[in-house]
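These notes are about the structure you will find just below.
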Amino acid sequence: MQPTRVIDFVDAVAVYNDYPALAGVTFSVDRQEIVLLQGPNGAGKTTLLRACAGLIPVVRGSAHVLGVDIAIDRESIRERVGLLGHQNGLFAELTIAENVDFWSTVVGATRAERDAAMQRMSIDGKLANRRVSELSAGQKRRCALACLVVRRAEIWLLDEPHAGLDAKGRDEIDLILKEAASAGATIVVASHEVERAQQLASRTVSLVAGHVRGVS
Amino acid sequence: MTMSVSRIAQAVAVKDLRIELRSRIVTNQVLPFSGLVMVMFAFALDSDDVLQGVAGGLVWLATIFSLFILVQRSFAIEVSDGALDSLRVAGVNPQGIFLGKSISLFVQLIALEVVLFLTAVVLYRVSLGGAGLVLLVTCVVSATAGLAFVGTLYGGLTAGARGRETLLPLLLLPVVAPVLISATRATEAAFTSNGVTVSEGWPWVAVLAVFAAVFGLGGLLSFGSLIEE
């Protein structure tokens, strides 16, 4: 039986550029939950996501992701956690299919898994052969999410997934996230689109100046 | 599933080369730039005797100037949309990334050097015998391997830094000085310039091979830490 709690931070402190971006955060997420992180700019949302991904060290307090103490070991969780930040992590000169193929190869995904990821993101043959530089913001986001799916990430950490998208694109992303959670993924979303994200999330965690100010 | 280093290296190298073929940065920018450098040297020195004597050094100087552009380009495609970050988050073996980017850089540099040496033969009228050709090919392969490894290592080091465009040449130039010196001496021997014989070039090739081995091994061991936040 897999543990229910997949992210568990207690009084965690993380320093970014000599600034305590997380100043004692207590925060937890259960498996298959969708949690919204909200707060003003500089509240620590992005830092919290990056700390959960093992990119920023937690220097005080305790921080466990998928049962691993990431204050001690930040490496072993990386294959199981996917972070999609403000950038998509794509190669503009390559097509969608070539980007997904590249990710499939470096993470060891099978051809069937690659095809399933493309299908799940509604990327058909014609769209798959278009270069990323020619795509709309929504199509790029879908391509980035397809790359996340082939990685078989158990936890999806998404920073402003709705940014730059039109209403249709936002609806598509919401649908994809709901389906991913139903399929077993745990999702943490940092967003300024509070109303939209609250419809998606089961809980909202409010951050202010590196502290959790409330959970609703 | 953890992928083998060679599989990741192959994927990274193919991806980088495909991007370069599509963007044509090498053919449209780097090649004309290095060609211009060669022509400018020819105008500036304006003497066949002098040019034949310094041809090897000029080719390697033009190669090293081009290396800065190629390394910056190689890492710009990784950081422009956060791909390097994504690779780190995904736990992709950094040794595979290092090897793949080095292979791609090696292929691009070799293509560039072939054109530069042909330019030197035409512009500077240097001559090359059979034994000289063997020495030159060995010198080019070992020097280019060293440049590709050290370029990838320092490209990774400066990838996330502010002002990386100016920082990279500043850091890289002193480090590649042994390659410039050794490759120039070996090339002079291959061209039998300045009364040097071909056999005198081989010890310099050994220096180049040691340089490539040191930075290849050093890169494999340290690239992961260098690209960490």
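In the structure tokens, each chain is lettered A, B, ... as it comes, each chain's residues begin at 1, and ligands are numbered from 1 in order of appearance.
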Identify all chain B residues at most 12 Å from chain A by counting only C-alpha atoms; ligands do not count. Present them as JSON, numbers by chain.
{"B": [1, 2, 3, 4, 5, 6, 7, 8, 9, 10, 11, 12, 13, 14, 15, 16, 17, 18, 19, 20, 21, 22, 23, 24, 25, 74, 75, 76, 77, 78, 79, 80, 81, 82, 83, 84, 85, 86, 87, 88, 89, 90, 91, 92, 93, 94, 96, 97, 100, 224, 225, 227, 228, 229]}
I'd like to know which residues of stretch 60-129 of chain A are strand (DSSP E or B) (by DSSP, run on the backbone); could you write them as a VMD selection string?
chain A and resid 60 to 65 68 to 69 81 to 84 95
Keeping N, CA and C atoms for every residue in the selection just given, could you write it to a file as a PDB file, in the first residue's frame?
```
ATOM      1  N   ARG A  60      16.251  24.001   6.914  1.00  0.00           N
ATOM      2  CA  ARG A  60      15.785  23.745   8.289  1.00  0.00           C
ATOM      3  C   ARG A  60      14.376  23.180   8.262  1.00  0.00           C
ATOM      4  N   GLY A  61      13.970  22.565   9.346  1.00  0.00           N
ATOM      5  CA  GLY A  61      12.658  21.939   9.392  1.00  0.00           C
ATOM      6  C   GLY A  61      12.703  20.584   8.714  1.00  0.00           C
ATOM      7  N   SER A  62      11.530  19.991   8.502  1.00  0.00           N
ATOM      8  CA  SER A  62      11.540  18.695   7.821  1.00  0.00           C
ATOM      9  C   SER A  62      10.733  18.770   6.533  1.00  0.00           C
ATOM     10  N   ALA A  63      11.167  18.031   5.528  1.00  0.00           N
ATOM     11  CA  ALA A  63      10.504  18.040   4.226  1.00  0.00           C
ATOM     12  C   ALA A  63      10.581  16.652   3.619  1.00  0.00           C
ATOM     13  N   HIS A  64       9.424  16.020   3.464  1.00  0.00           N
ATOM     14  CA  HIS A  64       9.377  14.682   2.862  1.00  0.00           C
ATOM     15  C   HIS A  64       8.531  14.726   1.595  1.00  0.00           C
ATOM     16  N   VAL A  65       9.063  14.144   0.524  1.00  0.00           N
ATOM     17  CA  VAL A  65       8.320  14.010  -0.735  1.00  0.00           C
ATOM     18  C   VAL A  65       8.349  12.535  -1.112  1.00  0.00           C
ATOM     19  N   VAL A  68      10.469  10.390   1.005  1.00  0.00           N
ATOM     20  CA  VAL A  68      11.927  10.611   1.048  1.00  0.00           C
ATOM     21  C   VAL A  68      12.205  11.944   1.736  1.00  0.00           C
ATOM     22  N   ASP A  69      13.149  11.953   2.672  1.00  0.00           N
ATOM     23  CA  ASP A  69      13.546  13.192   3.340  1.00  0.00           C
ATOM     24  C   ASP A  69      14.412  13.999   2.365  1.00  0.00           C
ATOM     25  N   VAL A  81       8.944  13.132  -9.869  1.00  0.00           N
ATOM     26  CA  VAL A  81       8.287  14.434  -9.730  1.00  0.00           C
ATOM     27  C   VAL A  81       8.468  15.229 -11.017  1.00  0.00           C
ATOM     28  N   GLY A  82       7.388  15.845 -11.491  1.00  0.00           N
ATOM     29  CA  GLY A  82       7.483  16.671 -12.701  1.00  0.00           C
ATOM     30  C   GLY A  82       7.169  18.120 -12.385  1.00  0.00           C
ATOM     31  N   LEU A  83       8.033  19.025 -12.816  1.00  0.00           N
ATOM     32  CA  LEU A  83       7.811  20.452 -12.578  1.00  0.00           C
ATOM     33  C   LEU A  83       7.635  21.159 -13.901  1.00  0.00           C
ATOM     34  N   LEU A  84       6.534  21.867 -14.030  1.00  0.00           N
ATOM     35  CA  LEU A  84       6.333  22.698 -15.222  1.00  0.00           C
ATOM     36  C   LEU A  84       6.231  24.141 -14.730  1.00  0.00           C
ATOM     37  N   THR A  95       9.844  19.733 -33.753  1.00  0.00           N
ATOM     38  CA  THR A  95       8.386  19.566 -33.787  1.00  0.00           C
ATOM     39  C   THR A  95       7.920  19.025 -32.431  1.00  0.00           C
TER      40      THR A  95
END
```
Name the residues of stretch 35-138 of chain A that fall into alpha helix (DSSP H) according to DSSP on the backbone, using the chain letters and numbers of this document, as JSON, numbers by chain.
{"A": [45, 46, 47, 48, 49, 50, 51, 52, 96, 97, 98, 99, 100, 101, 102, 103, 104, 105, 106, 107, 111, 112, 113, 114, 115, 116, 117, 118, 119, 120, 125, 126, 127, 128, 137, 138]}
Got time to write the residues from that selection, C-alpha atoms, as a PDB file, in the first residue's frame?
```pdb
ATOM      1  CA  LYS A  45       4.866  29.839  -4.364  1.00  0.00           C
ATOM      2  CA  THR A  46       7.518  29.132  -6.995  1.00  0.00           C
ATOM      3  CA  THR A  47      10.160  28.444  -4.331  1.00  0.00           C
ATOM      4  CA  LEU A  48       7.829  25.956  -2.619  1.00  0.00           C
ATOM      5  CA  LEU A  49       7.248  24.148  -5.932  1.00  0.00           C
ATOM      6  CA  ARG A  50      10.980  24.077  -6.677  1.00  0.00           C
ATOM      7  CA  ALA A  51      11.725  22.839  -3.152  1.00  0.00           C
ATOM      8  CA  CYS A  52       9.136  20.040  -3.643  1.00  0.00           C
ATOM      9  CA  ILE A  96       6.038  18.454 -31.015  1.00  0.00           C
ATOM     10  CA  ALA A  97       6.664  14.808 -31.969  1.00  0.00           C
ATOM     11  CA  GLU A  98      10.459  15.308 -31.839  1.00  0.00           C
ATOM     12  CA  ASN A  99      10.225  17.004 -28.426  1.00  0.00           C
ATOM     13  CA  VAL A 100       8.099  14.170 -27.012  1.00  0.00           C
ATOM     14  CA  ASP A 101      10.387  11.583 -28.670  1.00  0.00           C
ATOM     15  CA  PHE A 102      13.427  13.198 -27.050  1.00  0.00           C
ATOM     16  CA  TRP A 103      11.819  13.068 -23.616  1.00  0.00           C
ATOM     17  CA  SER A 104      10.643   9.505 -24.181  1.00  0.00           C
ATOM     18  CA  THR A 105      14.197   8.456 -25.016  1.00  0.00           C
ATOM     19  CA  VAL A 106      15.950  10.157 -22.105  1.00  0.00           C
ATOM     20  CA  VAL A 107      13.478   8.825 -19.529  1.00  0.00           C
ATOM     21  CA  ARG A 111       6.638   3.889 -27.957  1.00  0.00           C
ATOM     22  CA  ALA A 112       3.184   2.976 -26.618  1.00  0.00           C
ATOM     23  CA  GLU A 113       3.606   5.335 -23.642  1.00  0.00           C
ATOM     24  CA  ARG A 114       4.743   8.095 -25.995  1.00  0.00           C
ATOM     25  CA  ASP A 115       1.711   7.586 -28.257  1.00  0.00           C
ATOM     26  CA  ALA A 116      -0.630   7.469 -25.256  1.00  0.00           C
ATOM     27  CA  ALA A 117       0.781  10.767 -23.931  1.00  0.00           C
ATOM     28  CA  MET A 118       0.246  12.459 -27.302  1.00  0.00           C
ATOM     29  CA  GLN A 119      -3.280  11.090 -27.506  1.00  0.00           C
ATOM     30  CA  ARG A 120      -4.063  12.195 -23.965  1.00  0.00           C
ATOM     31  CA  GLY A 125      -0.593  13.708 -36.564  1.00  0.00           C
ATOM     32  CA  LYS A 126      -0.829  17.135 -38.215  1.00  0.00           C
ATOM     33  CA  LEU A 127      -0.248  19.071 -35.001  1.00  0.00           C
ATOM     34  CA  ALA A 128       2.527  16.672 -33.929  1.00  0.00           C
ATOM     35  CA  ALA A 137       0.768  29.272 -26.038  1.00  0.00           C
ATOM     36  CA  GLY A 138      -1.926  26.672 -25.345  1.00  0.00           C
TER      37      GLY A 138
END
```
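If you measure from each of B:Ser193, B:Val205, B:Ala44, B:Leu58 to B:Ser127 using only C-alpha atoms, the closest one turns out to be B:Ser193.
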Can you tell me which residues surround B:Val179 at a distance of at most 8 Å, considering only C-alpha atoms, apart from same-chain residues fewer than 5 positions away, and format the answer as JSON, numbers by chain?
{"B": [143, 146, 147, 208, 211]}
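The nearest approach to A:Val194 among the residues A:Glu154, A:Glu172, A:Asp166, A:Glu160, with only C-alpha atoms taken into account, belongs to A:Glu160.
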Interatomic distance (Å, one decimal) between atom CA of B:Trp204 and atom CA of B:Thr192
14.2 Å
Interatomic distance (Å, one decimal) between atom CA of A:Ser182 and atom CA of A:Ile123
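Result for atom CA of A:Ser182 versus atom CA of A:Ile123: 20.3 Å, one decimal.
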Considering only C-alpha atoms, return as a list in words whatever protein or nucleic-acid residues lie within 6 Å of B:Ser34, sequence-local ones (same chain, fewer than 3 positions apart) excluded.
Leu31, Val37 and Ala62 of chain B
What does the structure give for the distance between atom CA of A:Gly210 and atom CA of A:Pro20, in Å to one decimal?
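Interatomic distance here is 7.4 Å.
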